[in-house]
$ cat model-v3.cif   # mmCIF, C-alpha atoms (C1' of nucleotides)
data_work
#
loop_
_atom_site.label_atom_id
_atom_site.label_comp_id
_atom_site.auth_asym_id
_atom_site.auth_seq_id
_atom_site.Cartn_x
_atom_site.Cartn_y
_atom_site.Cartn_z
CA MET A 1 3.56 -3.72 -36.39
CA CYS A 2 4.85 -1.10 -38.80
CA GLY A 3 7.74 -0.07 -36.58
CA MET A 4 7.45 3.55 -37.57
CA THR A 5 4.27 4.36 -35.65
CA GLN A 6 4.33 7.42 -33.49
CA VAL A 7 2.10 5.87 -30.83
CA LEU A 8 2.58 2.49 -29.22
CA THR A 9 0.18 -0.13 -27.96
CA ILE A 10 0.62 -1.61 -24.52
CA GLY A 11 2.03 -4.77 -26.05
CA GLU A 12 4.63 -2.81 -27.96
CA VAL A 13 5.62 -0.86 -24.89
CA ALA A 14 5.82 -4.11 -22.94
CA THR A 15 8.20 -5.79 -25.38
CA ARG A 16 10.33 -2.68 -25.88
CA SER A 17 10.64 -1.90 -22.21
CA GLY A 18 10.78 -5.43 -20.88
CA VAL A 19 8.04 -4.54 -18.41
CA ALA A 20 4.90 -6.72 -18.44
CA ALA A 21 1.66 -5.20 -19.69
CA SER A 22 0.04 -5.95 -16.34
CA ALA A 23 2.79 -3.97 -14.64
CA LEU A 24 2.24 -1.06 -17.02
CA ARG A 25 -1.46 -0.96 -16.14
CA PHE A 26 -0.47 -1.11 -12.50
CA TYR A 27 1.94 1.80 -12.92
CA GLU A 28 -0.80 3.77 -14.57
CA GLU A 29 -3.16 3.06 -11.72
CA ARG A 30 -0.50 4.30 -9.34
CA GLY A 31 0.00 7.44 -11.37
CA LEU A 32 3.52 6.72 -12.59
CA ILE A 33 2.62 6.75 -16.25
CA GLU A 34 -0.29 7.88 -18.38
CA SER A 35 -1.90 6.75 -21.56
CA ASP A 36 -4.19 8.11 -24.22
CA ARG A 37 -7.04 5.94 -25.36
CA ALA A 38 -8.03 4.89 -28.83
CA GLY A 39 -11.75 5.09 -29.61
CA SER A 40 -11.95 1.41 -28.68
CA GLY A 41 -10.65 2.05 -25.18
CA HIS A 42 -7.25 0.53 -25.94
CA ARG A 43 -4.24 2.32 -24.47
CA ARG A 44 -2.01 4.37 -26.74
CA TYR A 45 1.36 5.53 -25.51
CA PRO A 46 3.55 8.30 -26.85
CA ARG A 47 7.15 7.24 -27.38
CA ALA A 48 8.22 9.45 -24.49
CA VAL A 49 6.69 6.94 -22.10
CA LEU A 50 9.63 4.63 -22.72
CA ARG A 51 11.99 7.10 -21.11
CA ARG A 52 9.68 7.36 -18.15
CA ILE A 53 9.56 3.59 -17.80
CA ALA A 54 13.32 3.36 -18.07
CA PHE A 55 13.54 5.83 -15.23
CA ILE A 56 11.16 3.73 -13.15
CA VAL A 57 13.17 0.57 -13.71
CA PHE A 58 16.41 2.37 -12.94
CA ALA A 59 15.05 3.87 -9.77
CA GLN A 60 13.77 0.52 -8.55
CA ARG A 61 17.19 -1.02 -8.99
CA VAL A 62 18.68 1.79 -7.00
CA GLY A 63 16.24 0.89 -4.26
CA LEU A 64 13.43 3.43 -4.45
CA SER A 65 9.84 2.37 -3.81
CA LEU A 66 7.16 3.10 -6.36
CA ASP A 67 5.82 5.84 -4.11
CA GLN A 68 9.20 7.53 -4.02
CA ILE A 69 9.54 7.18 -7.76
CA ALA A 70 6.11 8.71 -8.23
CA GLY A 71 7.28 11.61 -6.10
CA GLU A 72 10.32 12.09 -8.32
CA LEU A 73 8.33 11.85 -11.52
CA ALA A 74 5.90 14.43 -10.20
CA LYS A 75 8.72 16.95 -10.39
CA LEU A 76 8.75 16.72 -14.15
CA PRO A 77 6.84 19.37 -16.11
CA THR A 78 3.42 18.18 -17.22
CA ASP A 79 2.77 20.88 -19.81
CA ARG A 80 5.40 19.59 -22.24
CA VAL A 81 7.59 16.60 -23.01
CA PRO A 82 10.44 16.65 -20.47
CA THR A 83 13.82 17.63 -21.84
CA GLY A 84 17.16 16.05 -21.04
CA ARG A 85 17.67 18.93 -18.64
CA ASP A 86 14.47 18.03 -16.81
CA TRP A 87 15.60 14.45 -16.44
CA SER A 88 19.08 15.32 -15.25
CA ARG A 89 17.61 17.50 -12.52
CA LEU A 90 15.92 14.37 -11.19
CA SER A 91 19.06 12.32 -11.38
CA GLY A 92 21.14 14.67 -9.24
CA PRO A 93 20.12 13.25 -5.83
CA TRP A 94 20.43 9.77 -7.25
CA THR A 95 24.15 9.92 -7.63
CA GLU A 96 24.43 10.49 -3.90
CA LEU A 97 21.99 7.69 -3.22
CA ILE A 98 23.94 5.29 -5.38
CA ASP A 99 27.20 6.39 -3.79
CA ALA A 100 25.76 5.80 -0.35
CA ARG A 101 24.53 2.36 -1.34
CA ILE A 102 27.91 1.48 -2.83
CA ALA A 103 29.63 2.70 0.32
CA GLU A 104 27.39 0.49 2.43
CA LEU A 105 28.19 -2.52 0.30
CA GLU A 106 31.90 -1.78 0.53
CA ARG A 107 31.58 -1.53 4.27
CA LEU A 108 29.84 -4.90 4.26
CA ARG A 109 32.54 -6.41 2.11
CA SER A 110 35.33 -5.20 4.32
CA SER A 111 33.46 -6.36 7.41
CA LEU A 112 33.34 -9.75 5.82
CA GLY A 113 37.07 -9.70 5.29
CA ASP A 114 38.03 -8.15 8.59
CA CYS A 115 35.35 -9.56 10.79
CA ILE A 116 34.23 -12.90 9.52
CA GLY A 117 37.75 -13.54 8.33
CA CYS A 118 39.28 -13.00 11.75
CA GLY A 119 36.59 -15.04 13.37
CA CYS A 120 34.98 -12.22 15.32
CA LEU A 121 31.68 -11.93 13.55
CA SER A 122 30.03 -11.98 16.90
CA LEU A 123 28.03 -9.11 18.19
CA ALA A 124 29.02 -10.19 21.65
CA ARG A 125 32.75 -9.99 21.11
CA CYS A 126 33.68 -7.80 18.15
CA PRO A 127 34.25 -4.27 19.46
CA MET A 128 34.53 -2.95 15.91
CA ALA A 129 31.18 -4.41 15.06
CA ASN A 130 29.21 -3.49 18.08
CA PRO A 131 30.55 -1.58 21.04
CA TYR A 132 27.03 -1.50 22.43
CA ASP A 133 27.03 -5.12 23.38
CA ARG A 134 30.00 -4.53 25.65
CA ALA A 135 27.99 -1.88 27.44
CA ALA A 136 25.30 -4.56 27.47
CA GLY A 137 21.61 -4.03 27.48
CA HIS A 138 20.97 -1.35 24.88
CA GLY A 139 22.10 -0.32 21.44
CA PRO A 140 21.01 -1.25 18.00
CA GLY A 141 23.21 -4.23 17.25
CA PRO A 142 23.96 -4.94 13.63
CA ARG A 143 22.54 -1.62 12.53
CA PHE A 144 25.70 0.03 13.78
CA TRP A 145 27.68 -2.27 11.62
CA LEU A 146 25.63 -1.33 8.62
CA GLY A 147 26.17 2.35 9.07
CA ASP A 148 22.66 3.20 10.22
CA ARG A 149 24.02 4.89 13.29
CA PRO A 150 25.96 8.06 12.54
CA MET B 1 19.51 -8.30 33.43
CA CYS B 2 22.82 -9.37 34.99
CA GLY B 3 24.87 -8.70 31.86
CA MET B 4 27.17 -11.60 32.51
CA THR B 5 24.69 -14.37 31.82
CA GLN B 6 25.76 -17.09 29.44
CA VAL B 7 22.30 -17.48 27.95
CA LEU B 8 20.09 -14.70 26.67
CA THR B 9 16.35 -14.16 26.68
CA ILE B 10 14.57 -13.21 23.50
CA GLY B 11 14.28 -9.64 24.75
CA GLU B 12 18.02 -9.43 25.35
CA VAL B 13 18.78 -10.83 21.93
CA ALA B 14 16.31 -8.37 20.42
CA THR B 15 17.91 -5.30 21.98
CA ARG B 16 21.46 -6.48 21.32
CA SER B 17 20.84 -7.42 17.73
CA GLY B 18 18.38 -4.70 16.83
CA VAL B 19 16.05 -7.35 15.47
CA ALA B 20 12.50 -7.43 16.87
CA ALA B 21 11.48 -10.37 19.05
CA SER B 22 8.68 -11.19 16.63
CA ALA B 23 11.22 -11.37 13.84
CA LEU B 24 13.40 -13.70 15.92
CA ARG B 25 10.45 -16.05 16.43
CA PHE B 26 9.78 -15.84 12.74
CA TYR B 27 13.39 -16.71 11.91
CA GLU B 28 13.15 -19.67 14.23
CA GLU B 29 9.99 -20.87 12.54
CA ARG B 30 11.81 -20.61 9.23
CA GLY B 31 14.74 -22.58 10.56
CA LEU B 32 17.31 -19.78 10.50
CA ILE B 33 18.00 -19.84 14.20
CA GLU B 34 17.31 -22.16 17.11
CA SER B 35 16.63 -21.77 20.77
CA ASP B 36 16.72 -23.85 23.92
CA ARG B 37 13.79 -23.59 26.26
CA ALA B 38 13.71 -22.84 29.94
CA GLY B 39 11.44 -25.08 32.03
CA SER B 40 8.80 -22.39 31.64
CA GLY B 41 8.85 -22.64 27.88
CA HIS B 42 10.65 -19.32 27.47
CA ARG B 43 13.35 -19.19 24.81
CA ARG B 44 17.00 -19.22 25.86
CA TYR B 45 19.68 -18.34 23.36
CA PRO B 46 23.38 -19.14 23.48
CA ARG B 47 25.55 -16.10 22.77
CA ALA B 48 26.59 -17.63 19.46
CA VAL B 49 23.15 -16.83 18.11
CA LEU B 50 24.14 -13.19 17.84
CA ARG B 51 26.71 -14.02 15.22
CA ARG B 52 24.13 -15.96 13.29
CA ILE B 53 21.72 -13.06 13.44
CA ALA B 54 24.43 -10.65 12.34
CA PHE B 55 25.00 -12.90 9.36
CA ILE B 56 21.30 -12.87 8.54
CA VAL B 57 21.11 -9.08 8.68
CA PHE B 58 24.26 -8.76 6.58
CA ALA B 59 23.01 -11.16 4.00
CA GLN B 60 19.69 -9.40 3.71
CA ARG B 61 21.42 -6.11 3.03
CA VAL B 62 23.45 -7.76 0.34
CA GLY B 63 20.17 -8.82 -1.19
CA LEU B 64 19.69 -12.46 -0.29
CA SER B 65 16.25 -13.80 0.56
CA LEU B 66 15.61 -15.60 3.81
CA ASP B 67 15.44 -18.87 1.91
CA GLN B 68 18.85 -18.29 0.40
CA ILE B 69 20.23 -17.31 3.77
CA ALA B 70 18.79 -20.47 5.29
CA GLY B 71 20.60 -22.39 2.57
CA GLU B 72 23.87 -20.73 3.46
CA LEU B 73 23.43 -21.26 7.17
CA ALA B 74 22.70 -24.92 6.55
CA LYS B 75 26.30 -25.28 5.41
CA LEU B 76 27.55 -24.58 8.90
CA PRO B 77 28.40 -27.56 11.10
CA THR B 78 25.64 -28.45 13.53
CA ASP B 79 27.68 -30.63 15.84
CA ARG B 80 29.70 -27.75 17.25
CA VAL B 81 29.81 -23.97 17.50
CA PRO B 82 31.01 -22.71 14.11
CA THR B 83 34.52 -21.33 14.02
CA GLY B 84 35.74 -18.23 12.23
CA ARG B 85 36.91 -20.56 9.50
CA ASP B 86 33.41 -21.96 9.09
CA TRP B 87 32.00 -18.48 8.73
CA SER B 88 34.60 -17.32 6.27
CA ARG B 89 33.83 -20.28 4.05
CA LEU B 90 30.31 -18.93 3.79
CA SER B 91 31.45 -15.43 3.03
CA GLY B 92 33.52 -16.40 0.00
CA PRO B 93 30.72 -16.29 -2.57
CA TRP B 94 29.44 -13.08 -0.97
CA THR B 95 32.35 -11.03 -2.02
CA GLU B 96 31.52 -11.79 -5.64
CA LEU B 97 27.87 -11.03 -5.03
CA ILE B 98 28.69 -7.70 -3.46
CA ASP B 99 31.12 -6.90 -6.26
CA ALA B 100 28.46 -7.68 -8.84
CA ARG B 101 25.95 -5.50 -7.06
CA ILE B 102 28.44 -2.64 -6.82
CA ALA B 103 29.25 -3.03 -10.50
CA GLU B 104 25.57 -2.78 -11.36
CA LEU B 105 25.18 0.37 -9.31
CA GLU B 106 28.22 1.90 -10.97
CA ARG B 107 26.75 1.04 -14.33
CA LEU B 108 23.55 2.75 -13.26
CA ARG B 109 25.43 5.79 -12.07
CA SER B 110 27.34 6.17 -15.28
CA SER B 111 24.19 5.65 -17.32
CA LEU B 112 22.71 8.50 -15.38
CA GLY B 113 25.65 10.69 -16.26
CA ASP B 114 26.03 9.61 -19.84
CA CYS B 115 22.45 8.95 -20.74
CA ILE B 116 20.14 11.11 -18.71
CA GLY B 117 22.79 13.82 -18.80
CA CYS B 118 22.97 13.89 -22.56
CA GLY B 119 19.25 13.78 -22.85
CA CYS B 120 19.00 10.40 -24.47
CA LEU B 121 17.40 8.43 -21.69
CA SER B 122 14.92 7.16 -24.17
CA LEU B 123 14.64 3.54 -25.01
CA ALA B 124 13.46 4.57 -28.42
CA ARG B 125 16.49 6.64 -29.32
CA CYS B 126 19.53 5.76 -27.24
CA PRO B 127 21.51 3.12 -29.10
CA MET B 128 23.81 2.65 -26.12
CA ALA B 129 20.89 1.95 -23.90
CA ASN B 130 18.86 -0.28 -26.07
CA PRO B 131 19.86 -1.38 -29.54
CA TYR B 132 16.85 -3.68 -29.54
CA ASP B 133 14.39 -0.91 -29.94
CA ARG B 134 16.04 0.06 -33.22
CA ALA B 135 15.39 -3.44 -34.46
CA ALA B 136 11.88 -2.79 -33.14
CA GLY B 137 9.49 -5.32 -31.84
CA HIS B 138 11.56 -7.56 -29.63
CA GLY B 139 14.26 -7.30 -27.03
CA PRO B 140 14.22 -6.76 -23.33
CA GLY B 141 14.41 -2.98 -23.03
CA PRO B 142 15.84 -1.65 -19.80
CA ARG B 143 17.08 -5.04 -18.76
CA PHE B 144 19.89 -4.66 -21.25
CA TRP B 145 20.82 -1.43 -19.60
CA LEU B 146 20.93 -3.10 -16.25
CA GLY B 147 23.30 -5.77 -17.37
CA ASP B 148 20.82 -8.63 -17.26
CA ARG B 149 21.65 -9.49 -20.83
CA PRO B 150 25.16 -10.82 -21.31
"C1'" DG C 1 -17.29 -13.48 -41.70
"C1'" DT C 2 -14.88 -15.80 -38.67
"C1'" DA C 3 -10.79 -17.44 -35.94
"C1'" DG C 4 -7.47 -16.04 -32.91
"C1'" DA C 5 -4.59 -12.67 -30.89
"C1'" DA C 6 -4.54 -8.66 -28.28
"C1'" DC C 7 -6.86 -5.72 -25.60
"C1'" DC C 8 -10.27 -4.10 -21.69
"C1'" DT C 9 -11.92 -3.95 -16.38
"C1'" DC C 10 -12.27 -5.49 -11.92
"C1'" DA C 11 -11.54 -8.57 -8.17
"C1'" DA C 12 -8.82 -11.63 -6.05
"C1'" DG C 13 -4.46 -14.08 -5.39
"C1'" DT C 14 0.76 -14.28 -4.55
"C1'" DG C 15 5.08 -14.22 -1.92
"C1'" DA C 16 8.26 -12.09 0.95
"C1'" DA C 17 9.06 -10.61 5.48
"C1'" DC C 18 7.23 -9.50 9.08
"C1'" DT C 19 3.76 -7.37 12.67
"C1'" DT C 20 -0.32 -7.36 15.45
"C1'" DG C 21 -3.81 -9.14 18.40
"C1'" DA C 22 -6.07 -12.34 21.44
"C1'" DA C 23 -5.78 -15.12 25.21
"C1'" DG C 24 -3.07 -16.93 28.40
"C1'" DT C 25 1.53 -18.10 31.40
"C1'" DC C 26 5.69 -16.86 33.98
"C1'" DA C 27 8.98 -14.02 36.67
"C1'" DA C 28 10.52 -10.01 39.58
"C1'" DG C 29 9.95 -6.38 42.68
"C1'" DC C 30 7.52 -4.42 46.50
"C1'" DG D 1 0.47 -12.13 47.32
"C1'" DC D 2 -0.10 -9.13 43.83
"C1'" DT D 3 0.87 -6.22 40.13
"C1'" DT D 4 3.61 -5.40 36.15
"C1'" DG D 5 6.14 -6.61 32.43
"C1'" DA D 6 8.19 -10.14 29.67
"C1'" DC D 7 7.19 -14.09 27.71
"C1'" DT D 8 4.19 -18.03 25.19
"C1'" DT D 9 1.22 -19.77 20.93
"C1'" DC D 10 -1.62 -19.29 17.05
"C1'" DA D 11 -4.23 -16.97 13.63
"C1'" DA D 12 -4.85 -13.20 11.04
"C1'" DG D 13 -3.42 -8.73 9.17
"C1'" DT D 14 -0.04 -5.59 6.53
"C1'" DT D 15 2.81 -3.68 2.78
"C1'" DC D 16 4.92 -3.94 -1.58
"C1'" DA D 17 4.82 -4.91 -6.25
"C1'" DC D 18 2.79 -7.21 -9.02
"C1'" DT D 19 0.21 -11.39 -11.43
"C1'" DT D 20 -3.76 -14.16 -12.47
"C1'" DG D 21 -8.36 -15.09 -13.71
"C1'" DA D 22 -13.01 -14.27 -15.20
"C1'" DG D 23 -15.80 -12.43 -18.42
"C1'" DG D 24 -16.12 -9.55 -22.19
"C1'" DT D 25 -14.62 -6.44 -26.45
"C1'" DT D 26 -11.75 -5.20 -30.43
"C1'" DC D 27 -8.45 -5.74 -34.03
"C1'" DT D 28 -6.10 -8.35 -37.75
"C1'" DA D 29 -5.66 -11.76 -41.07
"C1'" DC D 30 -7.39 -14.98 -44.01
#

$ encode --input "model-v3.cif" --output "C-alpha cells"
Amino acid sequence: MCGMTQVLTIGEVATRSGVAASALRFYEERGLIESDRAGSGHRRYPRAVLRRIAFIVFAQRVGLSLDQIAGELAKLPTDRVPTGRDWSRLSGPWTELIDARIAELERLRSSLGDCIGCGCLSLARCPMANPYDRAAGHGPGPRFWLGDRP
Amino acid sequence: MCGMTQVLTIGEVATRSGVAASALRFYEERGLIESDRAGSGHRRYPRAVLRRIAFIVFAQRVGLSLDQIAGELAKLPTDRVPTGRDWSRLSGPWTELIDARIAELERLRSSLGDCIGCGCLSLARCPMANPYDRAAGHGPGPRFWLGDRP
DNA sequence: GTAGAACCTCAAGTGAACTTGAAGTCAAGC
DNA sequence: GCTTGACTTCAAGTTCACTTGAGGTTCTAC
C-alpha cells in the first residue's frame, strides 16, 4: 500500500497492469512470467514483471498466441534484468507482423469498396476475388482474397 | 461435377469457398447460412451462398464473432437474393471497424518504436505508456496503451 | 484477538469455433 | 449389383485463454 515498495503483490500487479490475478497465475503456470514467494507462500513480483506483462498484452493484440509469446520471451536473457536493447531485439519481427496485418486489413477494406460496392462479392462471379471458381472444382476460395495464397 | 450446375453440393461449396464441410454445417446450425435439401436429404446450395460465405470469412478476419456476423446477415432481405446495394449497406460500418483496428495496430507499432526502442517499456516508469502507475494503486495498465481508455 | 480482505492450490467450468467419430444412407462408376 | 466415396445426424472431443469455486491460510486493521 506504500507505493514505494520494490516488490509487488499479485493484487498490485493486477491493478497496475489491468490483467486479472487469475490470469497472472495462469501466465506463470504457462511459463510466461515468474514470481518469488514470501515466507507465507504469497507471490512477490519484481517491478520488471510489469514490462513483461505489457509485452504479453501487446503481443496478444498483435495476434500472437500465448505459446508464441512464450517463445519470444524465452529469447530474453535470464541471468539479468533485460535491457531496452534486449526488448527491442524482440520487437524487430513484430513490426513486419503488424505491417502484414495492416496490409491485410487494407486489402479487406478495398475489397469491400471495390467488390461489395460494385455488387460482385460473389465467389462465383468476381474474377478479382476468386479466379479459381471460374476454373471450377478446386482452389481455396476466400483465402485467395485474403492474401493467403502468394 | 458438371461445373455448370445451378445448385451446389456441400462438397462443392467447401472446395470453392475453402471452408470445411463441417464448418458449413455448423454455420447452418447457427443460422448463418441455409440450404435446400435434395429428396435424399443431401444439402443443395444456391450459388448465392458463396457470397454469404465470403462475407462470413471477411467479417471473421476483421474480428467479428459469429454472433455478430449473424446479426449483420440478418439485415439482408430474405424475400429475394440480396443485391450489391444490400451488401454495401452492410459493409458501411465495417470500414470504420477496419480503420479503428488499423489505427490500433499503428499505435502498437509506434509504441514499439518509441517505447520498447527507448527502453521504457515498463509500466512502472514510462509516463507515456501509463500515467496511472505513477499515481500508483489504480488504473488499467496496458489498456491505456492500447487505446481502450478514451 | 478477531473480522475481513487478500492470498493460496487444485479441479472443474466457460465460450468460441469448430472437428471428429460412430453409425448409417445415397449416388456414381464399372 | 456392388464397391467406393460423398453425404446424413448426433454426440462428444479439442484448443485457446482464461474464470470460477471450494476449501483453506495469511495479512491488516481495529

$ residues_near_point --input "model-v3.cif" --point "(2.1, -19.2, 30.7)" --cutoff "7 Å" --atoms "only C-alpha atoms (C1' of nucleotides)" --output "list in words"
DG24, DT25 and DC26 of chain C; DT8 of chain D

$ atom_distance --input "model-v3.cif" --atom1 "CA of Ile56 in chain A" --atom2 "CA of Ile98 in chain A"
15.0 Å

$ residues_around --input "model-v3.cif" --residues "DC18 in chain C" --least-positions-apart "3" --cutoff "8 Å" --atoms "all atoms listed in the file" --output "number ranges by chain"
B: 22-23, 26

$ closest_residue --input "model-v3.cif" --among "D:DC2, D:DG21, D:DT9, D:DC30" --to "chain B" --atoms "only C-alpha atoms (C1' of nucleotides)"
D:DT9

$ residues_around --input "model-v3.cif" --residues "Val62 in chain B" --least-positions-apart "3" --cutoff "8 Å" --atoms "all atoms listed in the file" --output "PyMOL selection string"
(chain A and resi 105) or (chain B and resi 58-59+97-98)

$ decode --input "model-v3.cif" --residues "range 22-105 of chain A" --atoms "C-alpha atoms" --output "JSON list (two decimals), in the first residue's frame"
[["chain", "number", "residue", "atom", "x", "y", "z"],
["A", 22, "SER", "CA", -6.17, -15.34, -12.09],
["A", 23, "ALA", "CA", -4.65, -14.58, -15.48],
["A", 24, "LEU", "CA", -1.30, -13.79, -13.87],
["A", 25, "ARG", "CA", -1.29, -17.17, -12.11],
["A", 26, "PHE", "CA", -2.20, -18.75, -15.41],
["A", 27, "TYR", "CA", 0.66, -16.99, -17.18],
["A", 28, "GLU", "CA", 3.01, -18.22, -14.50],
["A", 29, "GLU", "CA", 1.79, -21.77, -14.94],
["A", 30, "ARG", "CA", 2.45, -21.42, -18.65],
["A", 31, "GLY", "CA", 5.92, -20.10, -18.01],
["A", 32, "LEU", "CA", 5.37, -16.57, -19.29],
["A", 33, "ILE", "CA", 6.18, -14.89, -16.01],
["A", 34, "GLU", "CA", 7.79, -15.84, -12.73],
["A", 35, "SER", "CA", 7.37, -14.88, -9.14],
["A", 36, "ASP", "CA", 9.30, -15.06, -5.92],
["A", 37, "ARG", "CA", 7.48, -16.23, -2.84],
["A", 38, "ALA", "CA", 7.19, -14.62, 0.54],
["A", 39, "GLY", "CA", 7.63, -16.95, 3.52],
["A", 40, "SER", "CA", 3.85, -17.28, 3.59],
["A", 41, "GLY", "CA", 3.73, -18.63, 0.05],
["A", 42, "HIS", "CA", 2.31, -15.40, -1.36],
["A", 43, "ARG", "CA", 3.68, -14.27, -4.71],
["A", 44, "ARG", "CA", 6.10, -11.36, -4.85],
["A", 45, "TYR", "CA", 6.89, -9.73, -8.16],
["A", 46, "PRO", "CA", 9.82, -7.53, -9.07],
["A", 47, "ARG", "CA", 8.80, -4.35, -10.86],
["A", 48, "ALA", "CA", 10.34, -5.65, -14.07],
["A", 49, "VAL", "CA", 7.44, -8.06, -14.39],
["A", 50, "LEU", "CA", 5.23, -5.18, -15.47],
["A", 51, "ARG", "CA", 7.26, -4.71, -18.62],
["A", 52, "ARG", "CA", 6.97, -8.40, -19.34],
["A", 53, "ILE", "CA", 3.22, -8.29, -18.87],
["A", 54, "ALA", "CA", 2.95, -5.24, -21.10],
["A", 55, "PHE", "CA", 4.79, -7.19, -23.75],
["A", 56, "ILE", "CA", 2.36, -10.09, -23.37],
["A", 57, "VAL", "CA", -0.67, -7.85, -23.73],
["A", 58, "PHE", "CA", 0.86, -6.10, -26.73],
["A", 59, "ALA", "CA", 1.71, -9.35, -28.42],
["A", 60, "GLN", "CA", -1.77, -10.72, -27.91],
["A", 61, "ARG", "CA", -3.29, -7.68, -29.57],
["A", 62, "VAL", "CA", -0.98, -8.15, -32.49],
["A", 63, "GLY", "CA", -2.36, -11.66, -32.76],
["A", 64, "LEU", "CA", 0.24, -13.95, -31.21],
["A", 65, "SER", "CA", -0.83, -16.95, -29.16],
["A", 66, "LEU", "CA", 0.47, -17.42, -25.65],
["A", 67, "ASP", "CA", 2.73, -20.19, -26.89],
["A", 68, "GLN", "CA", 4.28, -17.89, -29.46],
["A", 69, "ILE", "CA", 4.69, -15.19, -26.87],
["A", 70, "ALA", "CA", 6.37, -17.65, -24.53],
["A", 71, "GLY", "CA", 8.74, -18.46, -27.37],
["A", 72, "GLU", "CA", 9.59, -14.79, -27.80],
["A", 73, "LEU", "CA", 10.05, -14.21, -24.10],
["A", 74, "ALA", "CA", 12.37, -17.19, -23.93],
["A", 75, "LYS", "CA", 14.80, -15.22, -26.06],
["A", 76, "LEU", "CA", 15.35, -12.75, -23.27],
["A", 77, "PRO", "CA", 18.38, -13.24, -21.02],
["A", 78, "THR", "CA", 17.53, -14.96, -17.77],
["A", 79, "ASP", "CA", 20.72, -14.10, -15.90],
["A", 80, "ARG", "CA", 19.89, -10.39, -15.61],
["A", 81, "VAL", "CA", 17.05, -7.90, -15.96],
["A", 82, "PRO", "CA", 16.52, -7.39, -19.71],
["A", 83, "THR", "CA", 17.67, -4.06, -21.08],
["A", 84, "GLY", "CA", 15.88, -1.87, -23.58],
["A", 85, "ARG", "CA", 18.19, -3.36, -26.17],
["A", 86, "ASP", "CA", 17.02, -6.86, -25.28],
["A", 87, "TRP", "CA", 13.41, -5.84, -25.68],
["A", 88, "SER", "CA", 13.93, -4.08, -28.97],
["A", 89, "ARG", "CA", 15.55, -7.19, -30.39],
["A", 90, "LEU", "CA", 12.26, -8.97, -29.74],
["A", 91, "SER", "CA", 10.21, -6.24, -31.31],
["A", 92, "GLY", "CA", 12.02, -6.32, -34.64],
["A", 93, "PRO", "CA", 9.97, -9.12, -36.24],
["A", 94, "TRP", "CA", 6.84, -7.57, -34.81],
["A", 95, "THR", "CA", 6.96, -4.54, -36.99],
["A", 96, "GLU", "CA", 6.76, -6.80, -40.02],
["A", 97, "LEU", "CA", 3.95, -8.76, -38.44],
["A", 98, "ILE", "CA", 1.99, -5.62, -37.72],
["A", 99, "ASP", "CA", 2.66, -4.30, -41.21],
["A", 100, "ALA", "CA", 1.41, -7.55, -42.71],
["A", 101, "ARG", "CA", -1.72, -7.44, -40.59],
["A", 102, "ILE", "CA", -2.37, -3.83, -41.55],
["A", 103, "ALA", "CA", -1.86, -4.70, -45.21],
["A", 104, "GLU", "CA", -4.39, -7.50, -44.91],
["A", 105, "LEU", "CA", -6.93, -5.18, -43.36]]
